[in-house]
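Asker: File model_5.csv below, CSV, C-alpha atoms and all ligand atoms:
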```csv
chain,number,residue,atom,x,y,z
A,7,MET,CA,120.3,34.8,84.2
A,8,ASN,CA,120.6,38.5,83.3
A,9,ALA,CA,120.8,39.7,86.9
A,10,PRO,CA,124.0,39.5,89.0
A,11,GLN,CA,124.4,36.2,90.7
A,12,PRO,CA,126.3,35.6,94.0
A,13,ARG,CA,128.8,32.7,94.3
A,14,ALA,CA,127.5,29.2,94.8
A,15,GLY,CA,126.4,28.7,98.4
A,16,VAL,CA,125.5,32.3,99.3
A,17,LEU,CA,121.7,31.8,98.6
A,18,LYS,CA,121.7,28.6,100.5
A,19,VAL,CA,122.5,30.5,103.7
A,20,GLN,CA,119.6,30.7,106.2
A,21,PRO,CA,120.4,34.1,107.7
A,22,TYR,CA,121.3,34.1,111.4
A,23,VAL,CA,118.3,35.1,113.5
A,24,ALA,CA,119.4,37.3,116.4
A,25,GLY,CA,117.5,37.2,119.7
A,26,GLU,CA,114.5,39.5,119.7
A,27,SER,CA,114.4,42.6,121.9
A,28,THR,CA,110.8,43.9,121.5
A,29,ILE,CA,107.3,42.5,121.9
A,30,ALA,CA,104.4,44.3,120.3
A,31,ASN,CA,102.4,46.4,122.9
A,32,VAL,CA,104.8,45.5,125.8
A,33,LYS,CA,106.7,48.5,127.2
A,34,ARG,CA,109.1,46.9,129.7
A,35,VAL,CA,110.7,43.9,128.1
A,36,ILE,CA,113.0,41.4,129.9
A,37,LYS,CA,115.4,40.3,127.2
A,38,LEU,CA,117.0,37.0,127.9
A,39,ALA,CA,117.7,35.9,124.3
A,40,SER,CA,121.3,36.9,123.5
A,41,ASN,CA,123.5,35.9,126.5
A,42,GLU,CA,124.5,39.5,127.1
A,43,GLY,CA,126.3,39.9,130.4
A,44,ALA,CA,123.8,40.1,133.3
A,45,LEU,CA,125.1,43.3,135.0
A,46,GLY,CA,126.1,45.3,131.9
A,47,PRO,CA,129.6,46.5,131.1
A,48,SER,CA,132.2,47.9,133.6
A,49,PRO,CA,131.4,51.6,134.1
A,50,LYS,CA,135.1,52.1,133.3
A,51,ALA,CA,134.6,50.6,129.9
A,52,VAL,CA,131.6,52.9,129.3
A,53,ALA,CA,133.7,55.9,130.3
A,54,ALA,CA,136.5,54.8,128.0
A,55,ALA,CA,134.1,54.5,125.0
A,56,ARG,CA,132.7,58.0,125.9
A,57,GLY,CA,136.2,59.4,126.1
A,58,THR,CA,136.7,58.7,122.4
A,59,ALA,CA,133.9,61.1,121.4
A,60,GLN,CA,136.2,64.0,120.5
A,61,SER,CA,138.4,61.9,118.2
A,62,LEU,CA,135.7,60.1,116.1
A,63,CYS,CA,136.9,61.8,113.0
A,64,ARG,CA,140.2,59.8,113.2
A,65,TYR,CA,140.5,56.3,111.9
A,66,PRO,CA,141.2,53.7,114.6
A,67,ASP,CA,144.6,52.1,115.2
A,68,GLY,CA,144.4,49.4,112.6
A,69,GLY,CA,146.8,47.2,114.5
A,70,CYS,CA,144.9,47.4,117.8
A,71,VAL,CA,148.4,47.7,119.4
A,72,GLU,CA,147.4,48.8,122.9
A,73,LEU,CA,144.6,46.3,123.1
A,74,ARG,CA,146.8,43.5,121.9
A,75,GLN,CA,149.5,44.5,124.4
A,76,ALA,CA,147.0,44.5,127.2
A,77,LEU,CA,145.7,41.1,126.2
A,78,ALA,CA,149.2,39.7,125.9
A,79,ARG,CA,150.1,41.0,129.4
A,80,HIS,CA,146.9,39.6,130.9
A,81,TYR,CA,147.0,36.2,129.3
A,82,HIS,CA,150.8,35.8,129.2
A,83,LEU,CA,150.8,35.7,125.4
A,84,ASP,CA,153.0,37.2,122.6
A,85,ALA,CA,151.1,40.3,121.3
A,86,ALA,CA,152.3,39.3,117.8
A,87,ASN,CA,150.2,36.1,118.0
A,88,ILE,CA,147.0,38.0,118.7
A,89,THR,CA,144.7,39.7,116.2
A,90,CYS,CA,141.4,41.5,116.9
A,91,GLY,CA,138.0,41.5,115.1
A,92,ALA,CA,134.7,43.2,115.1
A,93,GLY,CA,133.4,40.6,117.4
A,94,SER,CA,134.6,37.0,117.3
A,95,ASP,CA,132.0,36.4,114.6
A,96,GLU,CA,134.1,38.4,112.2
A,97,LEU,CA,137.2,36.3,113.0
A,98,ILE,CA,135.2,33.1,112.6
A,99,GLY,CA,134.0,34.3,109.2
A,100,ILE,CA,137.5,35.3,108.1
A,101,LEU,CA,139.0,31.9,109.2
A,102,ILE,CA,136.4,30.1,107.1
A,103,ARG,CA,136.9,32.3,104.1
A,104,ALA,CA,140.6,32.0,104.3
A,105,TYR,CA,140.9,28.3,104.8
A,106,ALA,CA,137.8,26.7,103.1
A,107,GLY,CA,136.0,27.0,99.8
A,108,ALA,CA,133.9,25.1,97.3
A,109,GLY,CA,134.2,21.3,97.8
A,110,ASP,CA,135.8,21.6,101.2
A,111,GLU,CA,134.3,20.4,104.5
A,112,VAL,CA,134.0,22.4,107.8
A,113,LEU,CA,133.4,20.0,110.7
A,114,CYS,CA,131.3,21.1,113.6
A,115,SER,CA,129.5,19.4,116.5
A,116,GLN,CA,125.7,18.7,116.1
A,117,TYR,CA,124.5,21.5,118.3
A,118,GLY,CA,127.6,23.7,117.8
A,119,PHE,CA,127.2,27.5,117.5
A,120,LEU,CA,125.3,28.2,114.2
A,121,MET,CA,127.7,30.7,112.7
A,122,TYR,CA,130.2,28.0,111.8
A,123,ALA,CA,127.7,26.2,109.4
A,124,ILE,CA,126.5,29.6,108.1
A,125,GLY,CA,130.0,30.7,107.3
A,126,ALA,CA,130.9,27.4,105.7
A,127,THR,CA,127.8,27.4,103.5
A,128,ALA,CA,128.4,31.0,102.4
A,129,VAL,CA,131.8,30.1,100.9
A,130,GLY,CA,130.4,27.0,99.1
A,131,ALA,CA,131.9,24.6,101.6
A,132,THR,CA,129.9,21.8,103.3
A,133,PRO,CA,129.2,22.0,107.0
A,134,VAL,CA,129.5,18.5,108.5
A,135,MET,CA,127.8,18.0,111.8
A,136,ALA,CA,129.1,15.3,114.1
A,137,PRO,CA,126.4,13.8,116.3
A,138,GLU,CA,126.6,14.5,120.0
A,139,LYS,CA,126.0,12.4,123.1
A,140,ASP,CA,123.8,13.8,125.8
A,141,ILE,CA,123.9,17.2,123.9
A,142,THR,CA,127.6,17.3,124.6
A,143,ALA,CA,130.3,17.3,121.8
A,144,ASP,CA,131.7,13.8,121.3
A,145,ILE,CA,135.4,13.7,120.4
A,146,ASP,CA,135.2,10.2,118.9
A,147,SER,CA,132.3,11.3,116.7
A,148,LEU,CA,134.1,14.4,115.6
A,149,LEU,CA,137.3,12.4,114.7
A,150,ARG,CA,135.2,9.8,112.8
A,151,HIS,CA,133.8,12.6,110.6
A,152,VAL,CA,137.2,14.0,109.6
A,153,SER,CA,137.7,13.4,105.9
A,154,PRO,CA,140.4,14.3,103.3
A,155,LYS,CA,138.2,17.3,102.5
A,156,THR,CA,138.1,18.6,106.1
A,157,ARG,CA,139.8,22.1,106.3
A,158,LEU,CA,138.6,23.4,109.7
A,159,VAL,CA,137.0,22.0,112.9
A,160,PHE,CA,135.0,24.3,115.1
A,161,LEU,CA,134.3,23.6,118.7
A,162,ALA,CA,132.8,26.1,121.2
A,163,ASN,CA,133.8,25.2,124.7
A,164,PRO,CA,131.5,25.7,126.6
A,165,ASN,CA,129.1,25.5,123.7
A,166,ASN,CA,126.2,27.8,123.0
A,167,PRO,CA,123.3,26.9,123.0
A,168,THR,CA,123.7,23.8,125.1
A,169,GLY,CA,126.0,25.1,127.8
A,170,THR,CA,128.0,21.9,128.0
A,171,TYR,CA,131.8,21.7,128.0
A,172,LEU,CA,134.6,19.3,127.5
A,173,PRO,CA,137.7,19.0,129.8
A,174,ALA,CA,141.1,19.9,128.5
A,175,SER,CA,142.1,16.3,128.2
A,176,GLU,CA,139.4,15.7,125.6
A,177,ILE,CA,140.3,18.9,123.6
A,178,ARG,CA,143.9,17.7,123.5
A,179,ARG,CA,142.8,14.3,122.4
A,180,LEU,CA,140.8,15.9,119.5
A,181,HIS,CA,143.9,17.9,118.6
A,182,ARG,CA,146.1,14.8,118.6
A,183,GLY,CA,143.7,13.0,116.4
A,184,LEU,CA,143.5,15.7,113.7
A,185,PRO,CA,145.6,15.7,110.6
A,186,LYS,CA,148.2,18.5,110.8
A,187,ASN,CA,146.7,20.4,107.8
A,188,VAL,CA,143.3,20.8,109.6
A,189,LEU,CA,142.8,24.0,111.5
A,190,LEU,CA,141.2,23.5,115.0
A,191,VAL,CA,139.2,26.6,116.0
A,192,LEU,CA,138.3,26.6,119.7
A,193,ASP,CA,135.6,29.2,120.4
A,194,SER,CA,136.0,30.3,124.0
A,195,ALA,CA,133.2,32.9,124.1
A,196,TYR,CA,132.2,31.8,127.6
A,197,THR,CA,135.6,30.9,129.1
A,198,GLU,CA,135.5,33.7,131.7
A,199,TYR,CA,132.5,32.0,133.4
A,200,MET,CA,134.5,28.8,134.0
A,201,THR,CA,136.2,27.9,137.2
A,202,GLU,CA,136.3,24.1,136.7
A,203,ALA,CA,139.7,22.6,137.4
A,204,ASP,CA,139.7,20.3,134.4
A,205,TYR,CA,139.0,23.1,131.9
A,206,GLU,CA,141.3,25.1,129.7
A,207,SER,CA,140.4,28.0,127.4
A,208,GLY,CA,142.6,26.5,124.7
A,209,VAL,CA,145.0,29.5,124.8
A,210,GLU,CA,147.7,27.3,126.2
A,211,LEU,CA,147.3,24.8,123.3
A,212,ALA,CA,147.1,27.6,120.7
A,213,ALA,CA,150.4,29.0,122.0
A,214,THR,CA,152.3,25.8,121.1
A,215,ALA,CA,150.4,24.1,118.2
A,216,ASP,CA,150.7,25.1,114.6
A,217,ASN,CA,147.0,24.4,113.8
A,218,VAL,CA,145.0,25.7,116.7
A,219,VAL,CA,143.3,29.1,117.0
A,220,VAL,CA,141.3,30.3,120.0
A,221,THR,CA,138.6,33.0,119.6
A,222,ARG,CA,137.5,35.1,122.5
A,223,THR,CA,135.0,37.9,122.8
A,224,PHE,CA,134.2,41.1,124.8
A,225,SER,CA,130.4,40.5,124.1
A,226,LYS,CA,129.6,38.1,126.9
A,227,ILE,CA,131.1,38.5,130.4
A,228,HIS,CA,132.4,42.0,129.5
A,229,ALA,CA,128.9,42.9,128.1
A,230,LEU,CA,130.2,45.0,125.2
A,231,GLY,CA,128.2,43.3,122.4
A,232,GLY,CA,127.1,46.6,121.0
A,233,LEU,CA,130.7,47.7,120.3
A,234,ARG,CA,131.7,44.5,118.4
A,235,VAL,CA,135.1,43.5,119.7
A,236,GLY,CA,136.7,40.1,119.9
A,237,TRP,CA,140.2,38.6,119.5
A,238,CYS,CA,142.0,35.4,118.7
A,239,THR,CA,145.4,33.9,119.3
A,240,GLY,CA,147.2,31.1,117.5
A,241,ALA,CA,150.2,30.2,115.5
A,242,PRO,CA,152.0,33.2,113.8
A,243,ALA,CA,151.2,31.8,110.3
A,244,VAL,CA,147.4,31.7,111.0
A,245,ILE,CA,147.4,35.2,112.6
A,246,ASP,CA,149.3,36.4,109.5
A,247,VAL,CA,146.6,35.0,107.2
A,248,ILE,CA,143.8,36.7,109.2
A,249,ASN,CA,145.7,40.0,109.1
A,250,ARG,CA,146.0,39.8,105.3
A,251,VAL,CA,142.2,39.2,104.9
A,252,ARG,CA,140.6,41.4,107.6
A,253,GLY,CA,139.6,45.0,107.0
A,254,PRO,CA,142.5,47.3,107.9
A,255,PHE,CA,140.3,49.3,110.4
A,256,ASN,CA,138.0,46.5,111.5
A,257,VAL,CA,137.8,47.4,115.2
A,258,SER,CA,136.6,51.0,116.1
A,259,THR,CA,138.3,53.3,118.5
A,260,PRO,CA,135.5,53.2,121.1
A,261,ALA,CA,135.6,49.4,120.9
A,262,GLN,CA,139.4,49.2,121.4
A,263,ASN,CA,139.4,51.7,124.3
A,264,ALA,CA,136.4,50.1,126.1
A,265,ALA,CA,137.9,46.6,125.7
A,266,ILE,CA,141.2,47.8,127.3
A,267,ALA,CA,139.3,49.3,130.3
A,268,ALA,CA,137.1,46.2,130.6
A,269,LEU,CA,140.1,43.9,130.7
A,270,ALA,CA,141.7,46.1,133.4
A,271,ASP,CA,138.5,45.9,135.6
A,272,GLN,CA,138.8,42.3,136.7
A,273,GLY,CA,136.8,43.2,139.8
A,274,HIS,CA,133.8,43.7,137.6
A,275,VAL,CA,134.5,40.4,135.7
A,276,ASP,CA,134.6,38.6,139.1
A,277,LYS,CA,131.4,40.2,140.2
A,278,VAL,CA,129.6,39.1,137.0
A,279,ARG,CA,131.0,35.6,137.1
A,280,GLU,CA,129.9,35.1,140.8
A,281,HIS,CA,126.5,36.6,140.1
A,282,THR,CA,126.0,34.5,137.0
A,283,ARG,CA,127.1,31.2,138.6
A,284,ARG,CA,125.0,31.8,141.7
A,285,TRP,CA,121.8,32.6,139.7
A,286,ARG,CA,122.5,29.8,137.2
A,287,ASP,CA,122.4,27.3,140.0
A,288,ARG,CA,119.3,28.8,141.6
A,289,VAL,CA,117.5,29.0,138.3
A,290,THR,CA,118.5,25.4,137.4
A,291,THR,CA,117.3,24.1,140.7
A,292,ALA,CA,114.0,26.1,140.7
A,293,LEU,CA,113.2,25.0,137.1
A,294,ARG,CA,113.8,21.4,137.9
A,295,LYS,CA,111.5,21.7,140.9
A,296,LEU,CA,108.9,23.0,138.5
A,297,GLY,CA,109.3,19.8,136.5
A,298,PHE,CA,111.4,21.1,133.6
A,299,THR,CA,114.5,19.3,132.3
A,300,VAL,CA,117.5,21.6,132.4
A,301,THR,CA,121.0,20.8,131.2
A,302,ASP,CA,123.8,21.5,133.6
A,303,SER,CA,125.2,24.7,132.0
A,304,PHE,CA,128.6,26.3,132.2
A,305,GLY,CA,127.8,29.5,130.2
A,306,ASN,CA,125.7,32.5,131.2
A,307,PHE,CA,122.5,30.8,130.1
A,308,VAL,CA,120.5,27.6,130.6
A,309,LEU,CA,118.9,25.3,128.1
A,310,ILE,CA,115.3,24.4,129.1
A,311,ASN,CA,113.8,21.2,127.6
A,312,PHE,CA,110.0,21.4,127.4
A,313,GLY,CA,109.6,17.8,126.1
A,314,ASP,CA,108.1,18.7,122.7
A,315,THR,CA,107.8,21.5,120.2
A,316,THR,CA,104.2,22.3,121.0
A,317,ARG,CA,104.9,22.8,124.7
A,318,ALA,CA,108.1,24.8,124.0
A,319,ASP,CA,106.1,27.1,121.6
A,320,ALA,CA,103.4,27.5,124.2
A,321,ALA,CA,106.0,28.3,126.9
A,322,ASP,CA,107.6,30.9,124.6
A,323,ALA,CA,104.1,32.5,124.0
A,324,HIS,CA,103.3,32.5,127.7
A,325,LEU,CA,106.6,34.1,128.6
A,326,ARG,CA,106.1,36.8,125.9
A,327,ARG,CA,102.7,37.7,127.4
A,328,HIS,CA,104.7,38.4,130.6
A,329,GLY,CA,107.1,40.5,128.6
A,330,ILE,CA,109.9,38.0,128.8
A,331,ILE,CA,111.9,36.9,125.7
A,332,LEU,CA,113.9,33.7,125.7
A,333,ARG,CA,115.6,32.2,122.6
A,334,PRO,CA,113.8,29.6,120.5
A,335,LEU,CA,116.3,27.2,119.0
A,336,LYS,CA,114.6,26.0,115.8
A,337,PRO,CA,117.6,26.4,113.5
A,338,TYR,CA,119.6,24.1,115.9
A,339,GLY,CA,116.9,21.4,115.6
A,340,LEU,CA,116.2,21.9,119.3
A,341,THR,CA,112.5,22.8,118.7
A,342,HIS,CA,111.6,21.4,122.1
A,343,CYS,CA,113.9,23.7,124.0
A,344,LEU,CA,114.3,27.4,124.9
A,345,ARG,CA,117.5,29.1,126.0
A,346,ALA,CA,117.4,31.6,128.8
A,347,THR,CA,120.2,34.0,129.5
A,348,ILE,CA,121.1,34.5,133.2
A,349,GLY,CA,120.1,38.1,133.9
A,350,THR,CA,119.7,40.2,137.0
A,351,GLY,CA,118.1,38.7,140.1
A,352,GLY,CA,114.9,40.6,139.4
A,353,GLU,CA,114.8,39.3,135.9
A,354,MET,CA,115.3,35.7,137.0
A,355,ARG,CA,112.6,36.0,139.7
A,356,ALA,CA,110.2,37.3,137.0
A,357,MET,CA,111.1,34.4,134.6
A,358,LEU,CA,110.6,31.8,137.3
A,359,ALA,CA,107.3,33.4,138.5
A,360,ALA,CA,106.0,33.4,134.9
A,361,LEU,CA,107.0,29.7,134.3
A,362,LYS,CA,105.3,28.8,137.6
A,363,THR,CA,102.0,29.8,136.0
A,364,PHE,CA,102.7,28.0,132.8
B,1,LIG,C1,128.1,35.1,121.3
B,1,LIG,C2,129.0,34.1,120.7
B,1,LIG,C3,129.9,34.4,119.7
B,1,LIG,C4,130.0,35.8,119.0
B,1,LIG,O1,130.5,36.7,119.8
B,1,LIG,P1,130.8,38.2,119.2
B,1,LIG,O2,132.2,38.4,119.7
B,1,LIG,O3,129.8,39.1,119.7
B,1,LIG,O4,130.8,38.1,117.7
B,1,LIG,C5,130.8,33.5,119.2
B,1,LIG,N1,130.7,32.2,119.6
B,1,LIG,C6,129.8,31.8,120.5
B,1,LIG,C7,129.8,30.4,120.9
B,1,LIG,C8,128.9,32.7,121.1
B,1,LIG,O5,128.0,32.3,121.9
```
Can you give me the file's structure in the form of structure tokens?
Answerer:
Amino acid sequence: MNAPQPRAGVLKVQPYVAGESTIANVKRVIKLASNEGALGPSPKAVAAARGTAQSLCRYPDGGCVELRQALARHYHLDAANITCGAGSDELIGILIRAYAGAGDEVLCSQYGFLMYAIGATAVGATPVMAPEKDITADIDSLLRHVSPKTRLVFLANPNNPTGTYLPASEIRRLHRGLPKNVLLVLDSAYTEYMTEADYESGVELAATADNVVVTRTFSKIHALGGLRVGWCTGAPAVIDVINRVRGPFNVSTPAQNAAIAALADQGHVDKVREHTRRWRDRVTTALRKLGFTVTDSFGNFVLINFGDTTRADAADAHLRRHGIILRPLKPYGLTHCLRATIGTGGEMRAMLAALKTF
């Protein structure tokens, strides 16, 4: 033991595997592996990022004041109850580091977004996975798995990679059933795709409860994943904790300015939402006609069930030969499935054509 050793837990982490973007010997790749917005970012957001080129020698505004004010106006929140991060992943990691440690438990749903378990393991805490029903989070199951060691509960709604969601009544039932000292983190990365009447992003609950945080991102419908910008809102005490722990300049100037412009361009957001929902329905119907099992999805992706691991692996290989990359889900234990992001119409036609010959 002469070499430096990391804290307990760190070497137990299985590093997050990002969606691939290249295939050997294939020039034009169709990348449907990371749920990036189908139509790219708003041109106004791109222009705003470019506009910062002359001032890159300056540190960014560490308080993200303008961005927080824009978010507060748009979502009818108090800017003081908002903080921003280098993607919502950073905020998820900070929340885990700040509220959990060795011996604690972080409760997630069985097929919940993997970063929660990774973050928990890295701080020496134990990720506890509550079994789901019909690959949908199950509130009774989550509540049954709360223990005196539980510090945080993470729930993505809609969830990635399953695409399923829970209505507001169920989220509120989960909140009512949790001890007051447990922090409920609602990950609303895909909330902008939702139009369902029984759905809430959780922002309303976070505005009144002392133990709820909602995380949001500019990476999905706003398609600014390359800039790394997300935000969260919750009780002032929780936002204060995040602000103490985060880096003082964690969101770059291009990211802040592009996010402000993206938020202002709701016409673009509406266009992407309508495109995505239309193609999600078409793709789901077409895949079912081909005989595949597809879960009803509420995100910008669909979960395709190939029946068993061998067939899913073969489908993955077949699609790659056609230059198309979907997301294998082995770390989720969904080895019989692939996840396909809803892309452009042309990309969806190419994927369906390739799967027709599988
Ligand atoms: C993509 C995704 C995130 C991460 O988003 P960033 O803001 O890019 O870090 C968080 N949660 C879920 C459920 C996601 O799918």
Asker: Please identify every polymer residue within 6 Å of ligand LIG 1 (chain B), using all atoms listed in the file, and present the set as an MDAnalysis selection string.
Answerer: chainID A and resid 93:95 119 162 165:166 193 195 223 225 231 234:236
Asker: Just give me the gap between atom CA of Arg252 of chain A and atom CA of Val134 of chain A in Å, one decimal is fine.
Answerer: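 A separation of 25.5 Å between them.
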Asker: Considering all atoms listed in the file, return as a ChimeraX atom specification whatever protein or nucleic-acid residues lie within 7 Å of Ala131 of chain A, sequence-local ones (same chain, fewer than 6 positions apart) excluded.
Answerer: /A:106-112
Asker: Using all atoms listed in the file, can you list as a CSV table (one decimal) with C-alpha atoms, keeping the file's coordinate frame the residues within 10 Å of (106.8, 43.7, 125.2)?
Answerer:
```csv
chain,number,residue,atom,x,y,z
A,27,SER,CA,114.4,42.6,121.9
A,28,THR,CA,110.8,43.9,121.5
A,29,ILE,CA,107.3,42.5,121.9
A,30,ALA,CA,104.4,44.3,120.3
A,31,ASN,CA,102.4,46.4,122.9
A,32,VAL,CA,104.8,45.5,125.8
A,33,LYS,CA,106.7,48.5,127.2
A,34,ARG,CA,109.1,46.9,129.7
A,35,VAL,CA,110.7,43.9,128.1
A,36,ILE,CA,113.0,41.4,129.9
A,37,LYS,CA,115.4,40.3,127.2
A,326,ARG,CA,106.1,36.8,125.9
A,327,ARG,CA,102.7,37.7,127.4
A,328,HIS,CA,104.7,38.4,130.6
A,329,GLY,CA,107.1,40.5,128.6
A,330,ILE,CA,109.9,38.0,128.8
A,331,ILE,CA,111.9,36.9,125.7
```
Asker: Got a sec to check which residues sit within 12 Å of (142.9, 57.0, 115.0), counting all atoms listed in the file, and write them as a PyMOL selection string?
Answerer: chain A and resi 58-71+255+257-260+262-263
Asker: Counting only C-alpha atoms, figure out which residue out of A:Met200, A:Ala359, A:Ala243, A:Ala53 gets nearest to Ser303 of chain A.
Answerer: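 Ranked by minimum distance to Ser303 of chain A, first place goes to A:Met200.
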Asker: Set the distance at 9 Å and use all atoms listed in the file: which residues neighbour Leu101 of chain A once local chain neighbours fewer than 4 positions away are removed? I'd like the list as a list in words.
Answerer: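 Within the cut-off, the hits are Glu96, Leu97, Tyr105, Ala106, Leu158, Val191, Val244, Val247 and Ile248 of chain A.
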Asker: Give me, please, the distance in Å between atom CA of Tyr122 of chain A and atom CA of Tyr205 of chain A, quoted to one decimal.
Answerer: 22.5 Å
Asker: Work out how far atom CA of Gln20 of chain A is from atom CA of Phe312 of chain A, in Å to one decimal.
Answerer: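 If I compute the distance from atom CA of Phe312 of chain A to atom CA of Gln20 of chain A, I get 25.1 Å.
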Asker: Taking all atoms listed in the file into account, name the residue in A:Val159, A:Leu361, A:Ile100, A:Ile348 that is nearest to Ala321 of chain A.
Answerer: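 Ranking A:Val159, A:Leu361, A:Ile100, A:Ile348 by distance to Ala321 of chain A, first place goes to A:Leu361.
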Asker: Within 12 Å of segment 284-302 of chain A, which residues of segment 95-184 of chain A come that close, and what is the closest atom pair and distance in Å for each? Count all atoms listed in the file and give it as CSV.
Answerer:
```
residue,atom,partner,partner_atom,distance
A:Asp140,CA,A:Thr301,CA,9.3
A:Ile141,CA,A:Thr301,CA,8.6
A:Thr142,CA,A:Thr301,CA,10.0
A:Pro164,CA,A:Asp302,CA,11.2
A:Asn165,CA,A:Asp302,CA,11.9
A:Asn166,CA,A:Thr301,CA,12.0
A:Pro167,CA,A:Thr301,CA,10.5
A:Thr168,CA,A:Thr301,CA,7.3
A:Gly169,CA,A:Asp302,CA,7.2
A:Thr170,CA,A:Asp302,CA,7.0
A:Tyr171,CA,A:Asp302,CA,9.8
```
Asker: Nearest to Asn217 of chain A: which of A:Glu138, A:Asp204, A:Leu184, A:Tyr199 is it, counting only C-alpha atoms?
Answerer: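 The closest residue to Asn217 of chain A is A:Leu184.
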